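Colleague: If it helps, the file is called target-v3.cif and holds mmCIF, C-alpha atoms:
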data_target
#
loop_
_atom_site.label_atom_id
_atom_site.label_comp_id
_atom_site.auth_asym_id
_atom_site.auth_seq_id
_atom_site.Cartn_x
_atom_site.Cartn_y
_atom_site.Cartn_z
CA MET H 25 0.00 0.00 0.00
CA SER H 26 1.44 3.36 -0.93
CA ARG H 27 1.14 6.57 1.00
CA LEU H 28 -1.99 8.56 0.29
CA PHE H 29 -0.14 11.79 0.95
CA VAL H 30 3.49 12.48 1.58
CA PRO H 31 4.13 15.19 4.17
CA ASP H 32 5.75 18.35 2.86
CA PRO H 33 9.37 18.84 3.86
CA PRO H 34 9.74 20.06 7.43
CA GLY H 35 10.81 23.57 8.26
CA GLU H 36 7.99 25.47 6.63
CA GLU H 37 7.00 28.36 8.82
CA THR H 38 3.75 29.25 7.07
CA GLY H 39 1.18 27.75 4.72
CA SER H 40 -0.72 24.51 4.86
CA THR H 41 0.79 21.03 4.99
CA GLU H 42 -1.06 17.88 3.98
CA ALA H 43 -0.94 14.52 5.71
CA ASP H 44 -3.11 11.45 6.04
CA VAL H 45 -3.04 11.64 9.81
CA VAL H 46 -2.07 14.47 12.12
CA ILE H 47 -1.35 13.49 15.72
CA VAL H 48 -1.47 16.24 18.32
CA GLY H 49 0.88 15.44 21.19
CA GLY H 50 4.07 13.39 21.56
CA GLY H 51 3.63 11.50 24.81
CA PRO H 52 3.21 7.72 24.91
CA ALA H 53 -0.32 7.82 23.41
CA GLY H 54 0.66 10.04 20.48
CA LEU H 55 3.91 8.22 19.80
CA THR H 56 2.20 4.82 19.87
CA ALA H 57 -0.48 6.09 17.49
CA ALA H 58 2.32 7.38 15.24
CA ILE H 59 4.07 4.00 15.22
CA TYR H 60 0.85 2.31 14.13
CA THR H 61 -0.30 4.82 11.49
CA SER H 62 3.21 4.98 10.02
CA ARG H 63 3.34 1.21 9.84
CA GLU H 64 0.00 1.38 8.03
CA THR H 65 2.00 3.54 5.56
CA LEU H 66 -0.20 6.53 6.27
CA GLY H 67 1.61 9.85 5.93
CA THR H 68 1.82 10.88 9.57
CA ILE H 69 2.75 14.20 11.10
CA LEU H 70 3.07 14.41 14.87
CA LEU H 71 2.83 17.90 16.35
CA GLU H 72 4.54 18.34 19.68
CA GLN H 73 4.45 21.60 21.56
CA ARG H 74 7.60 20.77 23.44
CA GLN H 75 10.04 17.99 22.78
CA CYS H 76 8.42 14.59 22.55
CA GLY H 77 7.91 12.74 25.77
CA GLY H 78 4.90 13.91 27.68
CA LEU H 79 4.55 13.33 31.39
CA PRO H 80 7.02 10.39 31.61
CA LEU H 81 9.80 12.92 31.05
CA THR H 82 9.23 14.16 34.56
CA THR H 83 9.13 10.66 36.04
CA ASP H 84 12.13 9.02 37.60
CA ILE H 85 11.82 5.29 37.14
CA VAL H 86 8.99 3.46 35.42
CA GLU H 87 8.62 0.02 36.98
CA ASN H 88 5.26 -1.06 35.61
CA TYR H 89 5.87 -0.92 31.87
CA PRO H 90 6.11 -4.52 30.66
CA GLY H 91 9.37 -5.65 29.13
CA PHE H 92 11.67 -3.73 31.46
CA PRO H 93 12.03 -5.94 34.54
CA GLU H 94 14.64 -3.64 36.09
CA GLY H 95 12.58 -0.54 35.32
CA ILE H 96 13.47 2.20 32.86
CA THR H 97 13.64 5.97 33.25
CA GLY H 98 10.67 7.84 31.83
CA SER H 99 12.89 9.84 29.49
CA ASP H 100 14.62 6.72 28.11
CA LEU H 101 11.29 4.99 27.54
CA VAL H 102 9.79 7.82 25.51
CA ALA H 103 13.06 8.38 23.64
CA ARG H 104 12.77 4.77 22.45
CA MET H 105 9.15 5.32 21.41
CA LYS H 106 10.16 8.43 19.49
CA ASP H 107 12.95 6.59 17.66
CA GLN H 108 10.49 3.83 16.82
CA ALA H 109 7.94 6.28 15.37
CA SER H 110 10.64 8.08 13.37
CA ARG H 111 11.98 4.80 12.07
CA PHE H 112 8.65 4.03 10.44
CA GLY H 113 8.43 7.46 8.87
CA THR H 114 6.55 9.72 11.28
CA GLU H 115 7.38 13.38 10.72
CA ILE H 116 7.78 14.95 14.15
CA VAL H 117 7.27 18.69 14.13
CA GLU H 118 7.93 21.05 17.02
CA PHE H 119 4.85 23.18 17.09
CA GLY H 120 3.53 26.03 19.16
CA GLU H 121 0.15 25.77 20.76
CA VAL H 122 -2.65 24.26 18.67
CA GLU H 123 -5.17 27.07 18.55
CA ARG H 124 -7.85 25.69 16.28
CA THR H 125 -9.27 22.46 14.90
CA ASP H 126 -11.88 22.74 12.15
CA ARG H 127 -13.45 20.60 9.50
CA GLU H 128 -13.21 21.92 5.94
CA ASN H 129 -15.13 19.64 3.59
CA ASP H 130 -13.60 16.19 4.16
CA ARG H 131 -10.36 17.53 5.62
CA ILE H 132 -9.60 18.39 9.22
CA VAL H 133 -7.52 21.47 9.78
CA VAL H 134 -5.21 21.81 12.76
CA ALA H 135 -3.79 25.31 13.09
CA GLY H 136 -1.67 27.45 15.36
CA SER H 137 1.43 29.63 15.46
CA GLY H 138 0.82 30.77 11.89
CA ARG H 139 0.96 27.25 10.53
CA GLU H 140 -1.75 24.93 9.33
CA TYR H 141 -1.97 21.19 8.78
CA GLN H 142 -4.71 19.36 6.90
CA ALA H 143 -5.41 15.69 7.36
CA GLY H 144 -8.01 13.06 6.66
CA ALA H 145 -7.97 12.06 10.32
CA VAL H 146 -6.64 13.57 13.51
CA VAL H 147 -5.61 11.82 16.71
CA VAL H 148 -5.71 14.11 19.73
CA ALA H 149 -3.19 12.94 22.32
CA SER H 150 -2.44 16.31 23.84
CA GLY H 151 -2.37 14.98 27.39
CA SER H 152 -2.71 17.01 30.52
CA VAL H 153 -0.61 19.28 32.70
CA PRO H 154 -0.21 19.26 36.47
CA LYS H 155 -3.04 21.03 38.17
CA LYS H 156 -2.17 24.09 40.19
CA LEU H 157 -3.77 24.37 43.58
CA ASP H 158 -4.01 28.16 43.54
CA VAL H 159 -3.07 28.45 47.19
CA PRO H 160 -1.24 31.55 48.42
CA GLY H 161 2.50 31.25 47.74
CA GLU H 162 2.26 28.58 45.04
CA GLU H 163 2.89 30.84 42.06
CA GLU H 164 5.33 33.07 43.94
CA PHE H 165 7.63 30.22 44.96
CA VAL H 166 7.83 28.24 41.72
CA GLY H 167 11.52 27.45 41.34
CA LYS H 168 12.10 28.68 44.89
CA GLY H 169 10.74 25.66 46.69
CA VAL H 170 7.56 24.83 44.77
CA SER H 171 8.04 22.10 42.19
CA TYR H 172 5.98 19.85 39.96
CA CYS H 173 8.93 17.62 39.04
CA ALA H 174 10.71 15.72 41.80
CA VAL H 175 13.14 14.19 39.33
CA CYS H 176 14.23 17.64 38.15
CA ASP H 177 14.38 19.35 41.50
CA GLY H 178 14.69 16.67 44.19
CA PRO H 179 18.52 16.58 44.28
CA PHE H 180 18.55 20.25 45.31
CA TYR H 181 16.86 19.32 48.59
CA LYS H 182 19.54 17.02 49.95
CA ASP H 183 19.11 16.55 53.72
CA ARG H 184 16.19 18.98 53.84
CA ASP H 185 12.56 18.46 54.85
CA VAL H 186 10.00 18.55 52.06
CA ALA H 187 6.28 18.00 51.52
CA VAL H 188 4.54 16.06 48.78
CA ILE H 189 0.99 17.20 48.07
CA GLY H 190 -1.19 14.38 46.77
CA CYS H 191 -0.94 10.67 47.53
CA GLY H 192 -1.97 9.22 44.19
CA ASN H 193 0.49 7.11 42.22
CA SER H 194 2.50 10.12 41.07
CA GLY H 195 2.84 11.64 44.52
CA LEU H 196 3.86 8.35 46.15
CA GLN H 197 6.29 7.38 43.38
CA GLU H 198 7.99 10.76 43.39
CA GLY H 199 7.97 10.84 47.21
CA MET H 200 9.85 7.55 47.12
CA PHE H 201 12.38 9.13 44.76
CA LEU H 202 12.76 12.16 47.04
CA LEU H 203 13.54 9.97 50.05
CA ASP H 204 16.86 9.08 48.41
CA TYR H 205 17.91 12.70 48.91
CA VAL H 206 15.88 14.44 51.58
CA ARG H 207 15.72 14.08 55.35
CA SER H 208 11.97 13.75 55.54
CA VAL H 209 8.84 13.81 53.42
CA THR H 210 5.48 14.92 54.76
CA PHE H 211 2.77 13.54 52.50
CA VAL H 212 -0.41 15.63 52.45
CA GLU H 213 -3.57 14.05 51.03
CA PHE H 214 -6.87 15.86 50.67
CA LEU H 215 -8.88 12.64 50.81
CA PRO H 216 -9.18 10.44 53.94
CA GLU H 217 -7.17 7.69 52.21
CA MET H 218 -4.25 7.48 49.83
CA THR H 219 -5.25 6.55 46.29
CA GLY H 220 -1.84 5.40 45.01
CA ALA H 221 -0.82 1.77 44.49
CA LYS H 222 -0.85 -0.36 47.63
CA ILE H 223 2.71 -1.56 46.98
CA LEU H 224 3.93 2.04 47.05
CA GLN H 225 1.98 2.78 50.24
CA ASP H 226 3.50 -0.26 51.92
CA ARG H 227 7.03 0.62 50.85
CA LEU H 228 6.67 4.20 52.06
CA ARG H 229 5.19 3.29 55.42
CA LYS H 230 8.29 1.21 56.09
CA ARG H 231 10.64 4.07 55.28
CA GLU H 232 12.04 6.34 57.94
CA GLY H 233 11.37 10.03 57.61
CA THR H 234 7.82 9.76 56.27
CA THR H 235 4.75 11.41 57.78
CA PHE H 236 1.25 11.10 56.35
CA LEU H 237 -1.33 13.82 56.84
CA LEU H 238 -4.50 12.34 55.35
CA ASN H 239 -7.72 14.33 55.03
CA HIS H 240 -5.68 17.52 55.14
CA ALA H 241 -5.86 20.47 52.76
CA LEU H 242 -2.89 22.63 51.86
CA THR H 243 -3.90 26.22 52.56
CA ALA H 244 -0.68 28.23 52.15
CA ILE H 245 2.99 28.10 51.22
CA GLU H 246 5.14 30.57 53.10
CA GLY H 247 8.68 31.92 53.22
CA GLU H 248 10.89 34.93 52.57
CA ASP H 249 13.03 34.34 49.47
CA PHE H 250 12.48 30.58 49.47
CA VAL H 251 9.83 28.26 50.88
CA GLU H 252 10.14 27.84 54.63
CA SER H 253 6.83 26.26 55.62
CA ILE H 254 3.37 25.16 54.57
CA THR H 255 0.07 25.47 56.39
CA VAL H 256 -2.37 22.56 56.26
CA ARG H 257 -5.90 22.25 57.59
CA ASP H 258 -7.35 19.07 59.07
CA ARG H 259 -10.57 18.68 57.13
CA GLU H 260 -12.29 16.87 59.98
CA THR H 261 -11.48 19.16 62.89
CA GLY H 262 -10.72 22.35 60.97
CA GLU H 263 -7.49 22.69 62.94
CA GLU H 264 -4.64 24.39 61.07
CA ARG H 265 -0.97 23.69 61.57
CA LYS H 266 2.31 24.81 60.12
CA VAL H 267 4.89 22.32 58.84
CA GLU H 268 8.43 23.54 58.28
CA VAL H 269 9.68 22.43 54.87
CA SER H 270 12.10 23.76 52.26
CA GLY H 271 10.32 22.22 49.31
CA VAL H 272 6.75 21.48 48.22
CA PHE H 273 6.22 18.97 45.44
CA ILE H 274 2.70 19.16 44.06
CA TYR H 275 0.98 16.12 42.55
CA ALA H 276 -2.64 17.07 42.89
CA GLY H 277 -4.02 15.81 39.64
CA PHE H 278 -4.00 17.14 36.13
CA GLN H 279 -5.98 19.28 33.72
CA PRO H 280 -6.41 18.32 30.07
CA ASN H 281 -5.04 20.31 27.13
CA THR H 282 -8.26 20.57 25.16
CA ALA H 283 -8.96 24.29 24.68
CA PHE H 284 -8.61 23.83 20.91
CA LEU H 285 -11.42 21.25 20.91
CA GLN H 286 -14.03 23.48 22.54
CA GLY H 287 -17.13 23.41 20.35
CA VAL H 288 -15.54 20.84 18.02
CA ALA H 289 -15.81 17.59 19.97
CA GLU H 290 -17.78 16.71 23.07
CA LEU H 291 -15.88 17.35 26.28
CA SER H 292 -16.71 16.50 29.89
CA SER H 293 -17.44 19.29 32.36
CA ASP H 294 -13.79 19.25 33.42
CA GLY H 295 -12.53 19.39 29.85
CA TYR H 296 -11.62 15.79 29.04
CA VAL H 297 -12.57 14.39 25.61
CA ARG H 298 -15.37 11.87 25.42
CA THR H 299 -14.77 8.89 23.11
CA ASP H 300 -16.28 5.51 22.44
CA GLU H 301 -14.29 2.28 22.77
CA GLU H 302 -12.79 2.81 19.33
CA MET H 303 -11.41 6.18 20.50
CA ARG H 304 -13.82 8.04 18.21
CA THR H 305 -14.82 11.47 19.47
CA SER H 306 -18.16 13.07 18.63
CA ALA H 307 -16.46 14.75 15.64
CA PRO H 308 -16.08 12.46 12.62
CA GLY H 309 -12.43 11.84 11.78
CA ILE H 310 -11.16 13.11 15.13
CA PHE H 311 -9.94 10.44 17.54
CA ALA H 312 -8.51 10.85 21.02
CA ALA H 313 -6.02 8.82 23.04
CA GLY H 314 -4.27 8.88 26.38
CA ASP H 315 -4.67 11.12 29.39
CA VAL H 316 -6.76 13.64 27.47
CA ARG H 317 -9.71 11.19 27.35
CA VAL H 318 -12.49 10.75 29.86
CA LYS H 319 -11.40 7.56 31.64
CA LYS H 320 -10.52 6.25 35.04
CA ILE H 321 -7.08 4.71 34.65
CA ARG H 322 -4.26 6.87 33.32
CA GLN H 323 -1.05 4.89 32.98
CA ILE H 324 1.65 4.71 30.31
CA THR H 325 0.38 1.27 29.33
CA THR H 326 -3.21 2.50 28.93
CA ALA H 327 -1.99 5.52 26.95
CA CYS H 328 -0.22 3.14 24.56
CA SER H 329 -3.34 1.03 24.34
CA ASP H 330 -5.46 4.07 23.49
CA GLY H 331 -2.90 5.17 20.92
CA THR H 332 -3.01 1.80 19.23
CA ILE H 333 -6.80 1.74 19.04
CA ALA H 334 -7.03 5.37 17.90
CA ALA H 335 -4.47 4.76 15.13
CA LEU H 336 -6.17 1.65 13.81
CA SER H 337 -9.58 3.30 14.03
CA ALA H 338 -8.23 6.31 12.13
CA SER H 339 -6.76 3.99 9.53
CA GLU H 340 -10.08 2.21 9.15
CA TYR H 341 -11.88 5.53 8.91
CA LEU H 342 -9.63 6.64 6.06
CA ARG H 343 -9.84 3.29 4.32
CA ASP H 344 -13.62 3.19 4.47
CA GLY H 345 -13.85 6.51 2.73
CA ARG H 346 -14.80 8.33 5.88
CA SER H 347 -18.07 6.47 6.12
CA LYS H 348 -17.48 5.96 9.84
CA GLY H 349 -16.55 8.51 12.40
CA MET M 3 27.20 32.04 18.60
CA ALA M 4 26.12 28.47 19.24
CA LEU M 5 25.02 27.25 22.67
CA GLN M 6 28.23 27.02 24.70
CA GLU M 7 28.89 24.67 27.58
CA ILE M 8 30.71 26.48 30.37
CA GLN M 9 31.78 25.88 33.96
CA GLY M 10 29.99 27.69 36.75
CA LYS M 11 33.08 29.74 37.60
CA GLN M 12 33.02 31.23 34.08
CA ILE M 13 29.52 32.68 34.46
CA SER M 14 30.60 36.00 35.87
CA GLU M 15 33.36 36.39 33.29
CA VAL M 16 31.28 35.63 30.18
CA THR M 17 28.20 37.58 31.25
CA SER M 18 30.22 40.67 32.25
CA ALA M 19 32.41 40.68 29.16
CA SER M 20 29.49 41.14 26.77
CA ASP M 21 27.25 44.16 26.34
CA ARG M 22 24.59 41.81 25.00
CA ILE M 23 22.02 39.80 26.86
CA SER M 24 23.30 36.40 28.03
CA VAL M 25 21.18 33.41 28.93
CA VAL M 26 22.71 30.85 31.27
CA ASP M 27 20.86 27.54 31.43
CA PHE M 28 21.43 25.46 34.56
CA SER M 29 20.77 21.83 33.59
CA ALA M 30 21.51 18.25 34.48
CA ASP M 31 21.71 15.12 32.39
CA TRP M 32 19.23 13.28 34.66
CA CYS M 33 16.41 15.74 34.05
CA GLY M 34 13.86 15.16 31.27
CA PRO M 35 12.82 18.78 30.78
CA CYS M 36 16.53 19.73 30.52
CA LYS M 37 16.83 17.33 27.61
CA MET M 38 13.76 18.98 26.14
CA ILE M 39 15.10 22.51 26.45
CA HIS M 40 18.53 21.94 24.94
CA PRO M 41 17.34 21.69 21.33
CA VAL M 42 15.27 24.84 21.95
CA LEU M 43 18.35 26.71 23.16
CA GLU M 44 20.40 25.40 20.24
CA LYS M 45 17.74 26.67 17.86
CA LEU M 46 17.43 30.09 19.51
CA SER M 47 21.21 30.51 19.74
CA ASP M 48 21.15 30.40 15.96
CA GLU M 49 18.03 32.49 15.41
CA MET M 50 19.06 35.17 17.93
CA LYS M 51 22.80 35.11 17.33
CA ASP M 52 22.88 38.84 16.62
CA LYS M 53 21.52 39.82 20.02
CA VAL M 54 21.69 37.06 22.65
CA ASP M 55 24.46 34.71 23.85
CA PHE M 56 23.47 31.28 25.19
CA TYR M 57 25.41 29.20 27.71
CA THR M 58 24.67 26.00 29.57
CA VAL M 59 26.06 24.88 32.94
CA ASP M 60 25.91 21.34 34.31
CA VAL M 61 24.76 21.71 37.93
CA ASP M 62 26.51 18.49 38.95
CA GLU M 63 29.85 19.85 37.78
CA SER M 64 29.19 23.32 39.22
CA GLN M 65 27.37 22.63 42.46
CA GLN M 66 28.88 25.56 44.30
CA GLU M 67 27.76 28.10 41.70
CA ALA M 68 24.31 26.48 41.40
CA ASN M 69 24.02 26.93 45.12
CA ASN M 70 25.31 30.51 44.98
CA PHE M 71 22.70 31.39 42.37
CA GLY M 72 19.94 29.82 44.50
CA ILE M 73 19.09 27.16 41.94
CA ARG M 74 16.32 24.96 43.33
CA GLY M 75 15.39 23.12 40.17
CA VAL M 76 16.43 22.44 36.64
CA PRO M 77 16.23 23.68 34.05
CA THR M 78 16.57 27.24 35.35
CA MET M 79 17.55 29.95 32.90
CA ILE M 80 19.02 33.14 34.25
CA VAL M 81 19.17 36.14 31.93
CA PHE M 82 22.10 38.49 32.49
CA LEU M 83 22.92 41.99 31.29
CA ASP M 84 26.27 43.55 32.19
CA GLY M 85 26.91 40.64 34.53
CA LYS M 86 23.73 41.25 36.52
CA GLU M 87 20.67 39.01 36.69
CA ILE M 88 17.69 40.70 35.02
CA ASP M 89 15.31 37.77 34.73
CA ARG M 90 14.94 34.12 35.70
CA MET M 91 12.82 31.38 34.14
CA VAL M 92 12.23 28.01 35.76
CA GLY M 93 11.14 24.89 33.90
CA PHE M 94 10.64 24.10 30.25
CA ARG M 95 9.70 26.90 27.84
CA ASP M 96 8.85 26.28 24.22
CA ALA M 97 10.87 28.12 21.58
CA ASN M 98 8.17 30.69 20.79
CA SER M 99 7.57 31.73 24.36
CA LEU M 100 11.26 31.84 25.28
CA LYS M 101 12.12 33.81 22.17
CA SER M 102 9.33 36.27 22.84
CA SER M 103 10.52 36.82 26.45
CA LEU M 104 14.10 37.34 25.30
CA GLU M 105 13.04 39.69 22.49
CA SER M 106 11.24 41.82 25.08
CA LEU M 107 14.31 41.91 27.32
CA ALA M 108 16.57 42.74 24.37
CA THR M 109 14.22 45.56 23.31
CA ALA M 110 14.04 46.90 26.86
CA LYS M 111 17.84 46.95 26.96
CA LEU M 112 17.93 49.22 23.89
CA ASP M 113 15.41 51.68 25.41
#
Here is the file; what I need is its structure written in the form of structure tokens.

Modeller:
Amino acid sequence: MSRLFVPDPPGEETGSTEADVVIVGGGPAGLTAAIYTSRETLGTILLEQRQCGGLPLTTDIVENYPGFPEGITGSDLVARMKDQASRFGTEIVEFGEVERTDRENDRIVVAGSGREYQAGAVVVASGSVPKKLDVPGEEEFVGKGVSYCAVCDGPFYKDRDVAVIGCGNSGLQEGMFLLDYVRSVTFVEFLPEMTGAKILQDRLRKREGTTFLLNHALTAIEGEDFVESITVRDRETGEERKVEVSGVFIYAGFQPNTAFLQGVAELSSDGYVRTDEEMRTSAPGIFAAGDVRVKKIRQITTACSDGTIAALSASEYLRDGRSKG
Amino acid sequence: MALQEIQGKQISEVTSASDRISVVDFSADWCGPCKMIHPVLEKLSDEMKDKVDFYTVDVDESQQEANNFGIRGVPTMIVFLDGKEIDRMVGFRDANSLKSSLESLATAKLD
């Protein structure tokens, strides 16, 4: 099977570029979709706002991705995925923000930063970004004690006391990483129970230097030039207390990157894309995969699964003359 | 001038010697976003070669200076003019947003 369209040479700053499939986002979902569509010999352009990688780039060690019994760093894992997609012909383009997605006749237009791409099918795998808590001090102390990336910033807190906000998988995993450097980690969880994997909870409870404040809300981050303390409120008693820490690592959930889909495809009230089991959105020819979807489980493995299904559904959609969507 | 790797102790020398804006990126090879920002800095060092100099410092090799500059995370980019810090950016920035910030600082310098 030959390519339906061959992407224009990269490097164009303006104008419209044609492809069979445009993939928005270069995390595990987007890269997996790219591997599959490229292997279907569909001309594939992957638009990535940053460098490829997605959230795994800010993860230390990935221990639950099959095939790597010793674990693999998040950045190495996605680098391998990127090489694999490129090997099969995916054109990876560094792109600014996607500002618009429209349908023009039987083509779907993805536009932003003065550039425009047209494709027969689009896979949205734009992921999500860490949610900010909007508590006093959070914005002010970014880079001065407030962090969303333990792997990037943890080593700067050697022998200090830090707090991790959020006890889901990310918070617990990164807290574990931090314990290799810091003196103590105070875990603060808004809910009455931790939601992260039981194995991580068990490992952390056995570690020295861990404190768990469950059913507590972070209310403020304080300091002079750098973070010196946080204030938390016990949600049951209403009692507030100050905890002296030099660093605050926030893992309080994520918000999806879907502004460009407003009014185009059906979104949930919190902005995630609704799809069916075949990853079809409400807009014909637009598929979604990975963390950006409405779903319960968000793991690298499930992102790859979504990417696979979205790619093969997109391929089928193109092959069937756009009779499905 | 291409992105230049320097030691922490050279920061003062290179940023004072130039009357242009200098960007010093504090990075580490174990940090994903640092790997993401390097190609961006390479690109901008070419596109902005007539007005901005770009340097990168490995925080593991220059721990003392990273500490002196109050680095609490990587990547951190400090913008210098006449050897003095005039701006600081923490975390990944895409090429467009970083270029736009630096253009504004370069324009302000001319005013």

Colleague: Name every residue that the PyMOL selection byres ((chain M and resi 56) around 10) selects in this structure, writing the answer as a PDB file with C-alpha atoms, keeping the file's coordinate frame with chains first and numbers rising.

Modeller:
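This went into expr.pdb:
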ATOM      1  CA  MET M   3      27.200  32.040  18.600  1.00  0.00           C
ATOM      2  CA  ALA M   4      26.120  28.470  19.240  1.00  0.00           C
ATOM      3  CA  LEU M   5      25.020  27.250  22.670  1.00  0.00           C
ATOM      4  CA  GLN M   6      28.230  27.020  24.700  1.00  0.00           C
ATOM      5  CA  GLU M   7      28.890  24.670  27.580  1.00  0.00           C
ATOM      6  CA  THR M  17      28.200  37.580  31.250  1.00  0.00           C
ATOM      7  CA  ILE M  23      22.020  39.800  26.860  1.00  0.00           C
ATOM      8  CA  SER M  24      23.300  36.400  28.030  1.00  0.00           C
ATOM      9  CA  VAL M  25      21.180  33.410  28.930  1.00  0.00           C
ATOM     10  CA  VAL M  26      22.710  30.850  31.270  1.00  0.00           C
ATOM     11  CA  ASP M  27      20.860  27.540  31.430  1.00  0.00           C
ATOM     12  CA  LEU M  43      18.350  26.710  23.160  1.00  0.00           C
ATOM     13  CA  GLU M  44      20.400  25.400  20.240  1.00  0.00           C
ATOM     14  CA  LEU M  46      17.430  30.090  19.510  1.00  0.00           C
ATOM     15  CA  SER M  47      21.210  30.510  19.740  1.00  0.00           C
ATOM     16  CA  ASP M  48      21.150  30.400  15.960  1.00  0.00           C
ATOM     17  CA  MET M  50      19.060  35.170  17.930  1.00  0.00           C
ATOM     18  CA  LYS M  51      22.800  35.110  17.330  1.00  0.00           C
ATOM     19  CA  VAL M  54      21.690  37.060  22.650  1.00  0.00           C
ATOM     20  CA  ASP M  55      24.460  34.710  23.850  1.00  0.00           C
ATOM     21  CA  TYR M  57      25.410  29.200  27.710  1.00  0.00           C
ATOM     22  CA  THR M  58      24.670  26.000  29.570  1.00  0.00           C
ATOM     23  CA  MET M  79      17.550  29.950  32.900  1.00  0.00           C
ATOM     24  CA  VAL M  81      19.170  36.140  31.930  1.00  0.00           C
TER      25      VAL M  81
END

Colleague: Measuring atom to atom with only C-alpha atoms, identify which of H:Arg207, H:Arg298, H:Arg63, H:Lys156 is nearest to Ala312 of chain H.

Modeller: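 Looking at the shortest contact to Ala312 of chain H, the residue is H:Arg298.
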
Colleague: Residues at most 7 Å from Ile96 of chain H, counting all atoms listed in the file, excluding those fewer than 6 positions away in the same chain, as a ChimeraX atom specification?

Modeller: /H:85-87

Colleague: Using only C-alpha atoms, please write the residues we just selected to a file, as a PDB file, keeping the file's coordinate frame.

Modeller:
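Resulting contents of again10.pdb:
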ATOM      1  CA  ILE H  85      11.820   5.290  37.140  1.00  0.00           C
ATOM      2  CA  VAL H  86       8.990   3.460  35.420  1.00  0.00           C
ATOM      3  CA  GLU H  87       8.620   0.020  36.980  1.00  0.00           C
TER       4      GLU H  87
END

Colleague: Just so the selection is clear, what residues does the PyMOL selection byres ((chain H and resi 123) around 9) cover here, as a PyMOL selection string?

Modeller: chain H and resi 120-122+124-125+134-137+283-285

Colleague: For chain H against chain M, which residues fall within 10 Å using all atoms listed in the file, given as a ChimeraX atom specification?

Modeller: /H:73-84,97-100,118-121,137,166-181,249-250,270-271

Colleague: Mind dumping the selected residues with C-alpha atoms as a PDB file, keeping the file's coordinate frame?

Modeller:
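Okay, this is what ended up in result-v2.pdb:
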ATOM      1  CA  GLN H  73       4.450  21.600  21.560  1.00  0.00           C
ATOM      2  CA  ARG H  74       7.600  20.770  23.440  1.00  0.00           C
ATOM      3  CA  GLN H  75      10.040  17.990  22.780  1.00  0.00           C
ATOM      4  CA  CYS H  76       8.420  14.590  22.550  1.00  0.00           C
ATOM      5  CA  GLY H  77       7.910  12.740  25.770  1.00  0.00           C
ATOM      6  CA  GLY H  78       4.900  13.910  27.680  1.00  0.00           C
ATOM      7  CA  LEU H  79       4.550  13.330  31.390  1.00  0.00           C
ATOM      8  CA  PRO H  80       7.020  10.390  31.610  1.00  0.00           C
ATOM      9  CA  LEU H  81       9.800  12.920  31.050  1.00  0.00           C
ATOM     10  CA  THR H  82       9.230  14.160  34.560  1.00  0.00           C
ATOM     11  CA  THR H  83       9.130  10.660  36.040  1.00  0.00           C
ATOM     12  CA  ASP H  84      12.130   9.020  37.600  1.00  0.00           C
ATOM     13  CA  THR H  97      13.640   5.970  33.250  1.00  0.00           C
ATOM     14  CA  GLY H  98      10.670   7.840  31.830  1.00  0.00           C
ATOM     15  CA  SER H  99      12.890   9.840  29.490  1.00  0.00           C
ATOM     16  CA  ASP H 100      14.620   6.720  28.110  1.00  0.00           C
ATOM     17  CA  GLU H 118       7.930  21.050  17.020  1.00  0.00           C
ATOM     18  CA  PHE H 119       4.850  23.180  17.090  1.00  0.00           C
ATOM     19  CA  GLY H 120       3.530  26.030  19.160  1.00  0.00           C
ATOM     20  CA  GLU H 121       0.150  25.770  20.760  1.00  0.00           C
ATOM     21  CA  SER H 137       1.430  29.630  15.460  1.00  0.00           C
ATOM     22  CA  VAL H 166       7.830  28.240  41.720  1.00  0.00           C
ATOM     23  CA  GLY H 167      11.520  27.450  41.340  1.00  0.00           C
ATOM     24  CA  LYS H 168      12.100  28.680  44.890  1.00  0.00           C
ATOM     25  CA  GLY H 169      10.740  25.660  46.690  1.00  0.00           C
ATOM     26  CA  VAL H 170       7.560  24.830  44.770  1.00  0.00           C
ATOM     27  CA  SER H 171       8.040  22.100  42.190  1.00  0.00           C
ATOM     28  CA  TYR H 172       5.980  19.850  39.960  1.00  0.00           C
ATOM     29  CA  CYS H 173       8.930  17.620  39.040  1.00  0.00           C
ATOM     30  CA  ALA H 174      10.710  15.720  41.800  1.00  0.00           C
ATOM     31  CA  VAL H 175      13.140  14.190  39.330  1.00  0.00           C
ATOM     32  CA  CYS H 176      14.230  17.640  38.150  1.00  0.00           C
ATOM     33  CA  ASP H 177      14.380  19.350  41.500  1.00  0.00           C
ATOM     34  CA  GLY H 178      14.690  16.670  44.190  1.00  0.00           C
ATOM     35  CA  PRO H 179      18.520  16.580  44.280  1.00  0.00           C
ATOM     36  CA  PHE H 180      18.550  20.250  45.310  1.00  0.00           C
ATOM     37  CA  TYR H 181      16.860  19.320  48.590  1.00  0.00           C
ATOM     38  CA  ASP H 249      13.030  34.340  49.470  1.00  0.00           C
ATOM     39  CA  PHE H 250      12.480  30.580  49.470  1.00  0.00           C
ATOM     40  CA  SER H 270      12.100  23.760  52.260  1.00  0.00           C
ATOM     41  CA  GLY H 271      10.320  22.220  49.310  1.00  0.00           C
TER      42      GLY H 271
END
